[in-house]
$ cat entry32.cif   # mmCIF, C-alpha atoms
data_final
loop_
_atom_site.group_PDB
_atom_site.id
_atom_site.type_symbol
_atom_site.label_atom_id
_atom_site.label_comp_id
_atom_site.auth_asym_id
_atom_site.auth_seq_id
_atom_site.Cartn_x
_atom_site.Cartn_y
_atom_site.Cartn_z
ATOM 1 C CA MET A 1 -82.503 -180.079 -27.483
ATOM 2 C CA LYS A 2 -82.503 -176.288 -27.025
ATOM 3 C CA LEU A 3 -79.719 -175.416 -24.592
ATOM 4 C CA ARG A 4 -77.951 -172.131 -23.958
ATOM 5 C CA PRO A 5 -74.399 -172.351 -25.333
ATOM 6 C CA PHE A 6 -71.197 -171.671 -23.421
ATOM 7 C CA ILE A 7 -69.604 -170.439 -26.664
ATOM 8 C CA ARG A 8 -71.529 -169.698 -29.863
ATOM 9 C CA ILE A 9 -69.212 -170.498 -32.799
ATOM 10 C CA ASP A 10 -71.536 -169.766 -35.715
ATOM 11 C CA LYS A 11 -75.220 -170.201 -36.482
ATOM 12 C CA GLU A 12 -74.884 -174.022 -36.570
ATOM 13 C CA LEU A 13 -72.088 -174.734 -34.086
ATOM 14 C CA SER A 14 -71.793 -174.124 -30.358
ATOM 15 C CA LEU A 15 -69.952 -175.419 -27.314
ATOM 16 C CA HIS A 16 -71.903 -176.410 -24.202
ATOM 17 C CA LEU A 17 -70.660 -177.060 -20.701
ATOM 18 C CA ALA A 18 -71.225 -180.535 -19.270
ATOM 19 C CA ARG A 19 -74.740 -180.870 -17.850
ATOM 20 C CA PRO A 20 -77.198 -183.689 -17.149
ATOM 21 C CA GLU A 21 -79.444 -182.912 -20.143
ATOM 22 C CA LEU A 22 -76.614 -184.006 -22.452
ATOM 23 C CA VAL A 23 -76.195 -187.490 -20.944
ATOM 24 C CA PRO A 24 -78.531 -189.395 -23.332
ATOM 25 C CA ALA A 25 -77.040 -187.752 -26.434
ATOM 26 C CA ILE A 26 -73.455 -188.335 -25.278
ATOM 27 C CA PHE A 27 -74.064 -191.978 -24.438
ATOM 28 C CA THR A 28 -75.888 -192.579 -27.732
ATOM 29 C CA ALA A 29 -73.054 -190.947 -29.709
ATOM 30 C CA VAL A 30 -70.361 -192.980 -27.937
ATOM 31 C CA ASP A 31 -72.303 -196.233 -27.976
ATOM 32 C CA GLY A 32 -73.151 -195.872 -31.660
ATOM 33 C CA GLN A 33 -69.532 -195.491 -32.710
ATOM 34 C CA ARG A 34 -67.823 -197.532 -30.039
ATOM 35 C CA LYS A 35 -65.463 -199.277 -32.472
ATOM 36 C CA TYR A 36 -64.312 -196.057 -34.141
ATOM 37 C CA LEU A 37 -63.846 -193.974 -30.964
ATOM 38 C CA GLY A 38 -62.425 -196.927 -29.055
ATOM 39 C CA GLU A 39 -59.555 -197.084 -31.511
ATOM 40 C CA TRP A 40 -58.221 -193.733 -30.220
ATOM 41 C CA LEU A 41 -59.779 -193.101 -26.800
ATOM 42 C CA PRO A 42 -59.155 -195.349 -23.780
ATOM 43 C CA TRP A 43 -62.287 -194.249 -21.865
ATOM 44 C CA VAL A 44 -64.692 -195.625 -24.492
ATOM 45 C CA GLY A 45 -64.317 -199.186 -23.226
ATOM 46 C CA GLN A 46 -65.247 -198.041 -19.719
ATOM 47 C CA THR A 47 -68.447 -196.351 -20.912
ATOM 48 C CA LYS A 48 -70.787 -199.331 -20.984
ATOM 49 C CA LYS A 49 -74.124 -197.899 -19.850
ATOM 50 C CA VAL A 50 -75.951 -194.592 -19.505
ATOM 51 C CA GLU A 51 -75.074 -194.495 -15.800
ATOM 52 C CA ASP A 52 -71.359 -194.416 -16.705
ATOM 53 C CA THR A 53 -71.947 -191.328 -18.821
ATOM 54 C CA SER A 54 -74.081 -189.791 -16.097
ATOM 55 C CA ALA A 55 -71.294 -190.281 -13.540
ATOM 56 C CA TYR A 56 -68.791 -188.754 -16.000
ATOM 57 C CA ILE A 57 -71.003 -185.699 -16.492
ATOM 58 C CA GLU A 58 -71.461 -185.239 -12.737
ATOM 59 C CA GLU A 59 -67.676 -185.399 -12.249
ATOM 60 C CA SER A 60 -67.119 -183.064 -15.210
ATOM 61 C CA MET A 61 -69.540 -180.526 -13.739
ATOM 62 C CA ARG A 62 -67.600 -180.596 -10.425
ATOM 63 C CA GLN A 63 -64.296 -180.216 -12.290
ATOM 64 C CA ASN A 64 -65.644 -177.344 -14.399
ATOM 65 C CA THR A 65 -66.810 -175.615 -11.225
ATOM 66 C CA ASN A 66 -63.537 -176.079 -9.327
ATOM 67 C CA GLY A 67 -61.440 -175.107 -12.375
ATOM 68 C CA SER A 68 -59.419 -178.316 -12.665
ATOM 69 C CA HIS A 69 -60.887 -179.110 -16.123
ATOM 70 C CA LEU A 70 -63.056 -177.451 -18.745
ATOM 71 C CA VAL A 71 -65.334 -180.047 -20.350
ATOM 72 C CA THR A 72 -67.472 -178.877 -23.263
ATOM 73 C CA PHE A 73 -69.575 -180.609 -25.887
ATOM 74 C CA ILE A 74 -69.978 -179.595 -29.510
ATOM 75 C CA MET A 75 -73.502 -179.141 -30.795
ATOM 76 C CA HIS A 76 -74.111 -179.074 -34.551
ATOM 77 C CA GLY A 77 -77.595 -177.605 -34.707
ATOM 78 C CA GLU A 78 -79.576 -179.803 -32.319
ATOM 79 C CA GLU A 79 -77.210 -182.777 -32.682
ATOM 80 C CA LEU A 80 -74.366 -183.656 -30.325
ATOM 81 C CA ALA A 81 -71.276 -183.756 -32.527
ATOM 82 C CA GLY A 82 -68.415 -184.377 -30.093
ATOM 83 C CA SER A 83 -66.371 -182.783 -27.361
ATOM 84 C CA VAL A 84 -63.421 -180.483 -26.825
ATOM 85 C CA SER A 85 -62.059 -180.190 -23.302
ATOM 86 C CA VAL A 86 -59.176 -179.301 -21.057
ATOM 87 C CA VAL A 87 -58.202 -182.545 -19.363
ATOM 88 C CA SER A 88 -55.760 -180.849 -16.990
ATOM 89 C CA PHE A 89 -54.500 -177.393 -16.092
ATOM 90 C CA ASN A 90 -50.970 -176.773 -14.849
ATOM 91 C CA LYS A 91 -51.383 -173.429 -13.103
ATOM 92 C CA ASP A 92 -47.710 -173.224 -12.082
ATOM 93 C CA ASN A 93 -46.631 -173.390 -15.731
ATOM 94 C CA LYS A 94 -49.680 -171.527 -17.106
ATOM 95 C CA SER A 95 -50.394 -174.434 -19.424
ATOM 96 C CA CYS A 96 -53.024 -177.056 -20.052
ATOM 97 C CA GLU A 97 -53.594 -180.299 -21.892
ATOM 98 C CA ALA A 98 -56.654 -180.489 -24.106
ATOM 99 C CA GLY A 99 -58.341 -183.243 -26.066
ATOM 100 C CA TYR A 100 -61.257 -183.751 -28.407
ATOM 101 C CA TRP A 101 -63.402 -186.212 -30.319
ATOM 102 C CA LEU A 102 -65.915 -185.841 -33.131
ATOM 103 C CA HIS A 103 -68.686 -188.111 -34.358
ATOM 104 C CA GLU A 104 -67.279 -190.063 -37.310
ATOM 105 C CA GLU A 105 -70.199 -189.155 -39.604
ATOM 106 C CA LEU A 106 -69.576 -185.426 -39.093
ATOM 107 C CA GLN A 107 -65.886 -185.454 -39.987
ATOM 108 C CA GLY A 108 -64.536 -183.645 -43.015
ATOM 109 C CA ARG A 109 -66.849 -180.632 -42.613
ATOM 110 C CA GLY A 110 -64.523 -178.343 -40.639
ATOM 111 C CA ILE A 111 -66.556 -178.783 -37.458
ATOM 112 C CA MET A 112 -63.657 -179.771 -35.223
ATOM 113 C CA THR A 113 -61.341 -177.136 -36.650
ATOM 114 C CA LYS A 114 -63.931 -174.434 -35.898
ATOM 115 C CA ALA A 115 -64.683 -175.858 -32.450
ATOM 116 C CA CYS A 116 -61.001 -176.099 -31.512
ATOM 117 C CA ARG A 117 -60.314 -172.592 -32.848
ATOM 118 C CA ALA A 118 -63.091 -171.132 -30.685
ATOM 119 C CA PHE A 119 -62.008 -173.195 -27.659
ATOM 120 C CA VAL A 120 -58.327 -172.248 -27.976
ATOM 121 C CA ASP A 121 -59.272 -168.594 -28.414
ATOM 122 C CA HIS A 122 -61.413 -168.776 -25.263
ATOM 123 C CA LEU A 123 -58.589 -170.411 -23.287
ATOM 124 C CA PHE A 124 -55.992 -167.834 -24.272
ATOM 125 C CA LYS A 125 -58.381 -164.915 -23.636
ATOM 126 C CA THR A 126 -59.736 -166.055 -20.261
ATOM 127 C CA LYS A 127 -57.289 -168.416 -18.530
ATOM 128 C CA SER A 128 -53.893 -166.632 -18.416
ATOM 129 C CA LEU A 129 -52.349 -169.552 -20.288
ATOM 130 C CA ASN A 130 -49.045 -169.467 -22.117
ATOM 131 C CA ARG A 131 -49.198 -172.968 -23.627
ATOM 132 C CA ILE A 132 -51.778 -175.524 -24.756
ATOM 133 C CA GLU A 133 -50.734 -179.127 -25.347
ATOM 134 C CA ILE A 134 -52.614 -181.847 -27.181
ATOM 135 C CA LYS A 135 -51.466 -185.453 -27.511
ATOM 136 C CA VAL A 136 -52.710 -187.431 -30.494
ATOM 137 C CA ALA A 137 -52.227 -191.080 -31.424
ATOM 138 C CA ALA A 138 -49.469 -191.240 -34.038
ATOM 139 C CA LYS A 139 -51.727 -193.099 -36.484
ATOM 140 C CA ASN A 140 -54.597 -190.612 -36.112
ATOM 141 C CA LEU A 141 -53.607 -188.433 -39.069
ATOM 142 C CA LYS A 142 -56.981 -186.661 -39.344
ATOM 143 C CA SER A 143 -56.642 -185.383 -35.801
ATOM 144 C CA GLN A 144 -53.074 -184.254 -36.407
ATOM 145 C CA ALA A 145 -54.172 -182.338 -39.530
ATOM 146 C CA ILE A 146 -56.614 -180.278 -37.428
ATOM 147 C CA LEU A 147 -53.837 -179.196 -35.094
ATOM 148 C CA LEU A 148 -51.504 -178.262 -37.934
ATOM 149 C CA ARG A 149 -54.281 -176.142 -39.529
ATOM 150 C CA LEU A 150 -54.625 -174.286 -36.228
ATOM 151 C CA GLY A 151 -50.898 -173.555 -35.990
ATOM 152 C CA PHE A 152 -49.936 -176.127 -33.359
ATOM 153 C CA VAL A 153 -46.310 -177.271 -33.525
ATOM 154 C CA ARG A 154 -45.388 -180.945 -33.521
ATOM 155 C CA GLU A 155 -42.858 -181.307 -30.710
ATOM 156 C CA GLY A 156 -42.124 -185.008 -30.707
ATOM 157 C CA VAL A 157 -43.304 -188.545 -30.129
ATOM 158 C CA LEU A 158 -44.089 -190.086 -26.760
ATOM 159 C CA ARG A 159 -43.214 -193.701 -27.439
ATOM 160 C CA GLU A 160 -45.926 -196.118 -26.325
ATOM 161 C CA GLY A 161 -47.512 -193.269 -24.392
ATOM 162 C CA LEU A 162 -51.086 -194.538 -24.671
ATOM 163 C CA LEU A 163 -52.564 -197.895 -23.688
ATOM 164 C CA ILE A 164 -55.855 -198.854 -25.346
ATOM 165 C CA ASN A 165 -57.306 -202.350 -25.276
ATOM 166 C CA GLU A 166 -54.057 -203.765 -23.920
ATOM 167 C CA LYS A 167 -52.072 -202.352 -26.859
ATOM 168 C CA TYR A 168 -49.572 -199.485 -26.636
ATOM 169 C CA HIS A 169 -49.682 -196.612 -29.116
ATOM 170 C CA ASP A 170 -47.202 -193.846 -29.774
ATOM 171 C CA LEU A 171 -48.479 -190.331 -29.102
ATOM 172 C CA VAL A 172 -47.496 -187.174 -30.942
ATOM 173 C CA LEU A 173 -47.195 -184.107 -28.723
ATOM 174 C CA PHE A 174 -48.395 -180.836 -30.221
ATOM 175 C CA SER A 175 -48.289 -177.425 -28.563
ATOM 176 C CA LEU A 176 -49.394 -173.884 -29.221
ATOM 177 C CA LEU A 177 -48.041 -170.821 -27.416
ATOM 178 C CA ARG A 178 -50.014 -167.677 -26.653
ATOM 179 C CA LYS A 179 -47.664 -165.525 -28.766
ATOM 180 C CA GLU A 180 -48.083 -167.886 -31.742
ATOM 181 C CA TRP A 181 -51.878 -167.687 -31.440
ATOM 182 C CA GLN A 182 -51.800 -163.878 -31.207
ATOM 183 C CA GLU A 183 -49.593 -163.696 -34.308
ATOM 184 C CA SER A 184 -51.835 -165.922 -36.401
#

$ encode --input "entry32.cif" --output "structure tokens"
Amino acid sequence: MKLRPFIRIDKELSLHLARPELVPAIFTAVDGQRKYLGEWLPWVGQTKKVEDTSAYIEESMRQNTNGSHLVTFIMHGEELAGSVSVVSFNKDNKSCEAGYWLHEELQGRGIMTKACRAFVDHLFKTKSLNRIEIKVAAKNLKSQAILLRLGFVREGVLREGLLINEKYHDLVLFSLLRKEWQES
């Protein structure tokens, strides 16, 4: 799948905006690791068929265009590896909340750290943001390690802040300020 990247990270990695050509790869990635992703992400259970992914991409394209979100997908060579996105902007506070996921088989290679670094850099350079927040399930230690490597600060725990499969999970709130990013 040869697509023009939104952000070129290195010769193997790139970020791509949501677009219809990605639907089959996204659905296949999610469907193939439903149990793993479903442990941490509530939307996995609602993604049951290709049409669900197609509707998500259409909505993501609208949100990218109107500036309410910034949904991107990570490509590792020609393979869809995951996603890193802004799930909401708070323009009054010059902040946003971001989130990400990575294909289980591609973990441990630095892919998500590189993707998040490029994404955060893009956000601070182009969006007049002062703060980026990311909430991670308290038991998802791999995800927390990525944020700590990037200089995010652990602010606290949101008790039972996430409901997945009728079970509540604590969330850890991490943040990164523009001045901290510029200093690193």

$ closest_residue --input "entry32.cif" --among "A:Ile74, A:Ala18, A:Cys116, A:Val153" --to "Glu58 in chain A" --atoms "all atoms listed in the file"
A:Ala18

$ closest_residue --input "entry32.cif" --among "A:Cys96, A:Ala138, A:Leu70, A:Leu102" --to "Arg159 in chain A" --atoms "only C-alpha atoms"
A:Ala138

$ residues_around --input "entry32.cif" --residues "Tyr56 in chain A" --least-positions-apart "4" --cutoff "12 Å" --atoms "all atoms listed in the file" --output "mmCIF file with C-alpha atoms, in the coordinates of the input"
data_model
loop_
_atom_site.group_PDB
_atom_site.id
_atom_site.type_symbol
_atom_site.label_atom_id
_atom_site.label_comp_id
_atom_site.auth_asym_id
_atom_site.auth_seq_id
_atom_site.Cartn_x
_atom_site.Cartn_y
_atom_site.Cartn_z
ATOM 1 C CA ALA A 18 -71.225 -180.535 -19.270
ATOM 2 C CA ARG A 19 -74.740 -180.870 -17.850
ATOM 3 C CA PRO A 20 -77.198 -183.689 -17.149
ATOM 4 C CA LEU A 22 -76.614 -184.006 -22.452
ATOM 5 C CA VAL A 23 -76.195 -187.490 -20.944
ATOM 6 C CA ILE A 26 -73.455 -188.335 -25.278
ATOM 7 C CA PHE A 27 -74.064 -191.978 -24.438
ATOM 8 C CA TRP A 43 -62.287 -194.249 -21.865
ATOM 9 C CA VAL A 44 -64.692 -195.625 -24.492
ATOM 10 C CA GLN A 46 -65.247 -198.041 -19.719
ATOM 11 C CA THR A 47 -68.447 -196.351 -20.912
ATOM 12 C CA LYS A 48 -70.787 -199.331 -20.984
ATOM 13 C CA LYS A 49 -74.124 -197.899 -19.850
ATOM 14 C CA VAL A 50 -75.951 -194.592 -19.505
ATOM 15 C CA GLU A 51 -75.074 -194.495 -15.800
ATOM 16 C CA ASP A 52 -71.359 -194.416 -16.705
ATOM 17 C CA SER A 60 -67.119 -183.064 -15.210
ATOM 18 C CA MET A 61 -69.540 -180.526 -13.739
ATOM 19 C CA ARG A 62 -67.600 -180.596 -10.425
ATOM 20 C CA GLN A 63 -64.296 -180.216 -12.290
ATOM 21 C CA ASN A 64 -65.644 -177.344 -14.399
ATOM 22 C CA VAL A 71 -65.334 -180.047 -20.350
#

$ resolve_selection --input "entry32.cif" --expression "the PyMOL selection byres ((chain A and resi 25) around 10)" --output "MDAnalysis selection string"
chainID A and resid 1 21:24 26:31 50 53 79:82

$ atom_distance --input "entry32.cif" --atom1 "CA of Leu37 in chain A" --atom2 "CA of Gly108 in chain A"
15.9 Å

$ closest_residue --input "entry32.cif" --among "A:Trp40, A:Gly77, A:Gly156, A:Asn130" --to "Gly99 in chain A" --atoms "only C-alpha atoms"
A:Trp40

$ resolve_selection --input "entry32.cif" --expression "the PyMOL selection byres ((chain A and resi 132) around 6)" --output "list in words"
Ser95, Cys96, Glu97, Arg131, Glu133, Ser175 and Leu176 of chain A

$ write_last_selection --input "entry32.cif" --atoms "C-alpha atoms" --output "PDB file, in the coordinates of the input"
ATOM      1  CA  SER A  95     -50.394-174.434 -19.424  1.00  0.00           C
ATOM      2  CA  CYS A  96     -53.024-177.056 -20.052  1.00  0.00           C
ATOM      3  CA  GLU A  97     -53.594-180.299 -21.892  1.00  0.00           C
ATOM      4  CA  ARG A 131     -49.198-172.968 -23.627  1.00  0.00           C
ATOM      5  CA  GLU A 133     -50.734-179.127 -25.347  1.00  0.00           C
ATOM      6  CA  SER A 175     -48.289-177.425 -28.563  1.00  0.00           C
ATOM      7  CA  LEU A 176     -49.394-173.884 -29.221  1.00  0.00           C
TER       8      LEU A 176
END

$ closest_residue --input "entry32.cif" --among "A:His76, A:Val86, A:Val136, A:Lys142" --to "Leu162 in chain A" --atoms "all atoms listed in the file"
A:Val136

$ resolve_selection --input "entry32.cif" --expression "the PyMOL selection byres ((chain A and resi 83) around 6)" --output "ChimeraX atom specification"
/A:72-74,82,84,100-101

$ atom_distance --input "entry32.cif" --atom1 "CA of Leu15 in chain A" --atom2 "CA of Leu106 in chain A"
15.5 Å

$ closest_residue --input "entry32.cif" --among "A:Val120, A:Ala55, A:Leu163, A:Leu41" --to "Leu147 in chain A" --atoms "all atoms listed in the file"
A:Val120

$ residues_around --input "entry32.cif" --residues "Leu129 in chain A" --least-positions-apart "2" --cutoff "9 Å" --atoms "only C-alpha atoms" --output "ChimeraX atom specification"
/A:91,93-96,123-127,131-132,177-178

$ residues_around --input "entry32.cif" --residues "Ile9 in chain A" --least-positions-apart "2" --cutoff "8 Å" --atoms "only C-alpha atoms" --output "MDAnalysis selection string"
chainID A and resid 7 11:15 114:115 118

$ write_last_selection --input "entry32.cif" --atoms "C-alpha atoms" --output "compact mmCIF listing (two decimals), in the coordinates of the input"
# COMPACT_ATOMS: atom_id res chain seq x y z
CA ILE A 7 -69.60 -170.44 -26.66
CA LYS A 11 -75.22 -170.20 -36.48
CA GLU A 12 -74.88 -174.02 -36.57
CA LEU A 13 -72.09 -174.73 -34.09
CA SER A 14 -71.79 -174.12 -30.36
CA LEU A 15 -69.95 -175.42 -27.31
CA LYS A 114 -63.93 -174.43 -35.90
CA ALA A 115 -64.68 -175.86 -32.45
CA ALA A 118 -63.09 -171.13 -30.68

$ closest_residue --input "entry32.cif" --among "A:Lys167, A:Ser54, A:Leu158, A:Phe152" --to "Lys179 in chain A" --atoms "all atoms listed in the file"
A:Phe152

$ atom_distance --input "entry32.cif" --atom1 "CA of Leu141 in chain A" --atom2 "CA of Glu39 in chain A"
12.9 Å

$ build_atoms --input "entry32.cif" --residues "range 78-106 of chain A" --atoms "N, CA and C atoms" --output "PDB file, in the frame of the given file"
ATOM      1  N   GLU A  78     -79.009-179.142 -33.503  1.00  0.00           N
ATOM      2  CA  GLU A  78     -79.576-179.803 -32.319  1.00  0.00           C
ATOM      3  C   GLU A  78     -78.900-181.141 -32.017  1.00  0.00           C
ATOM      4  N   GLU A  79     -77.867-181.477 -32.797  1.00  0.00           N
ATOM      5  CA  GLU A  79     -77.210-182.777 -32.682  1.00  0.00           C
ATOM      6  C   GLU A  79     -75.882-182.678 -31.940  1.00  0.00           C
ATOM      7  N   LEU A  80     -75.649-183.592 -30.999  1.00  0.00           N
ATOM      8  CA  LEU A  80     -74.366-183.656 -30.325  1.00  0.00           C
ATOM      9  C   LEU A  80     -73.331-184.183 -31.311  1.00  0.00           C
ATOM     10  N   ALA A  81     -72.273-183.409 -31.522  1.00  0.00           N
ATOM     11  CA  ALA A  81     -71.276-183.756 -32.527  1.00  0.00           C
ATOM     12  C   ALA A  81     -69.993-184.316 -31.929  1.00  0.00           C
ATOM     13  N   GLY A  82     -69.671-183.938 -30.693  1.00  0.00           N
ATOM     14  CA  GLY A  82     -68.415-184.377 -30.093  1.00  0.00           C
ATOM     15  C   GLY A  82     -68.099-183.570 -28.861  1.00  0.00           C
ATOM     16  N   SER A  83     -66.807-183.472 -28.569  1.00  0.00           N
ATOM     17  CA  SER A  83     -66.371-182.783 -27.361  1.00  0.00           C
ATOM     18  C   SER A  83     -64.997-182.177 -27.585  1.00  0.00           C
ATOM     19  N   VAL A  84     -64.764-181.065 -26.923  1.00  0.00           N
ATOM     20  CA  VAL A  84     -63.421-180.483 -26.825  1.00  0.00           C
ATOM     21  C   VAL A  84     -63.287-180.004 -25.387  1.00  0.00           C
ATOM     22  N   SER A  85     -62.182-180.412 -24.744  1.00  0.00           N
ATOM     23  CA  SER A  85     -62.059-180.190 -23.302  1.00  0.00           C
ATOM     24  C   SER A  85     -60.619-180.001 -22.878  1.00  0.00           C
ATOM     25  N   VAL A  86     -60.457-179.323 -21.751  1.00  0.00           N
ATOM     26  CA  VAL A  86     -59.176-179.301 -21.057  1.00  0.00           C
ATOM     27  C   VAL A  86     -59.208-180.476 -20.092  1.00  0.00           C
ATOM     28  N   VAL A  87     -58.251-181.377 -20.237  1.00  0.00           N
ATOM     29  CA  VAL A  87     -58.202-182.545 -19.363  1.00  0.00           C
ATOM     30  C   VAL A  87     -57.337-182.290 -18.130  1.00  0.00           C
ATOM     31  N   SER A  88     -56.498-181.263 -18.183  1.00  0.00           N
ATOM     32  CA  SER A  88     -55.760-180.849 -16.990  1.00  0.00           C
ATOM     33  C   SER A  88     -55.166-179.460 -17.202  1.00  0.00           C
ATOM     34  N   PHE A  89     -55.175-178.685 -16.126  1.00  0.00           N
ATOM     35  CA  PHE A  89     -54.500-177.393 -16.092  1.00  0.00           C
ATOM     36  C   PHE A  89     -53.253-177.531 -15.239  1.00  0.00           C
ATOM     37  N   ASN A  90     -52.171-176.885 -15.660  1.00  0.00           N
ATOM     38  CA  ASN A  90     -50.970-176.773 -14.849  1.00  0.00           C
ATOM     39  C   ASN A  90     -50.809-175.286 -14.559  1.00  0.00           C
ATOM     40  N   LYS A  91     -51.358-174.861 -13.428  1.00  0.00           N
ATOM     41  CA  LYS A  91     -51.383-173.429 -13.103  1.00  0.00           C
ATOM     42  C   LYS A  91     -49.983-172.879 -12.870  1.00  0.00           C
ATOM     43  N   ASP A  92     -49.082-173.688 -12.317  1.00  0.00           N
ATOM     44  CA  ASP A  92     -47.710-173.224 -12.082  1.00  0.00           C
ATOM     45  C   ASP A  92     -47.016-172.859 -13.392  1.00  0.00           C
ATOM     46  N   ASN A  93     -47.263-173.637 -14.431  1.00  0.00           N
ATOM     47  CA  ASN A  93     -46.631-173.390 -15.731  1.00  0.00           C
ATOM     48  C   ASN A  93     -47.520-172.629 -16.703  1.00  0.00           C
ATOM     49  N   LYS A  94     -48.718-172.242 -16.254  1.00  0.00           N
ATOM     50  CA  LYS A  94     -49.680-171.527 -17.106  1.00  0.00           C
ATOM     51  C   LYS A  94     -49.898-172.290 -18.420  1.00  0.00           C
ATOM     52  N   SER A  95     -50.179-173.587 -18.253  1.00  0.00           N
ATOM     53  CA  SER A  95     -50.394-174.434 -19.424  1.00  0.00           C
ATOM     54  C   SER A  95     -51.559-175.377 -19.156  1.00  0.00           C
ATOM     55  N   CYS A  96     -51.991-176.047 -20.206  1.00  0.00           N
ATOM     56  CA  CYS A  96     -53.024-177.056 -20.052  1.00  0.00           C
ATOM     57  C   CYS A  96     -52.850-178.112 -21.125  1.00  0.00           C
ATOM     58  N   GLU A  97     -53.514-179.246 -20.882  1.00  0.00           N
ATOM     59  CA  GLU A  97     -53.594-180.299 -21.892  1.00  0.00           C
ATOM     60  C   GLU A  97     -55.052-180.411 -22.303  1.00  0.00           C
ATOM     61  N   ALA A  98     -55.290-180.400 -23.581  1.00  0.00           N
ATOM     62  CA  ALA A  98     -56.654-180.489 -24.106  1.00  0.00           C
ATOM     63  C   ALA A  98     -56.797-181.749 -24.950  1.00  0.00           C
ATOM     64  N   GLY A  99     -58.041-182.103 -25.220  1.00  0.00           N
ATOM     65  CA  GLY A  99     -58.341-183.243 -26.066  1.00  0.00           C
ATOM     66  C   GLY A  99     -59.699-183.067 -26.703  1.00  0.00           C
ATOM     67  N   TYR A 100     -59.990-183.886 -27.698  1.00  0.00           N
ATOM     68  CA  TYR A 100     -61.257-183.751 -28.407  1.00  0.00           C
ATOM     69  C   TYR A 100     -61.623-185.044 -29.110  1.00  0.00           C
ATOM     70  N   TRP A 101     -62.910-185.129 -29.463  1.00  0.00           N
ATOM     71  CA  TRP A 101     -63.402-186.212 -30.319  1.00  0.00           C
ATOM     72  C   TRP A 101     -64.603-185.681 -31.097  1.00  0.00           C
ATOM     73  N   LEU A 102     -64.819-186.258 -32.263  1.00  0.00           N
ATOM     74  CA  LEU A 102     -65.915-185.841 -33.131  1.00  0.00           C
ATOM     75  C   LEU A 102     -66.590-187.082 -33.696  1.00  0.00           C
ATOM     76  N   HIS A 103     -67.905-187.025 -33.775  1.00  0.00           N
ATOM     77  CA  HIS A 103     -68.686-188.111 -34.358  1.00  0.00           C
ATOM     78  C   HIS A 103     -68.147-188.400 -35.757  1.00  0.00           C
ATOM     79  N   GLU A 104     -67.903-189.665 -36.038  1.00  0.00           N
ATOM     80  CA  GLU A 104     -67.279-190.063 -37.310  1.00  0.00           C
ATOM     81  C   GLU A 104     -68.055-189.552 -38.518  1.00  0.00           C
ATOM     82  N   GLU A 105     -69.378-189.581 -38.463  1.00  0.00           N
ATOM     83  CA  GLU A 105     -70.199-189.155 -39.604  1.00  0.00           C
ATOM     84  C   GLU A 105     -70.120-187.659 -39.876  1.00  0.00           C
ATOM     85  N   LEU A 106     -69.639-186.884 -38.922  1.00  0.00           N
ATOM     86  CA  LEU A 106     -69.576-185.426 -39.093  1.00  0.00           C
ATOM     87  C   LEU A 106     -68.179-184.942 -39.460  1.00  0.00           C
TER      88      LEU A 106
END
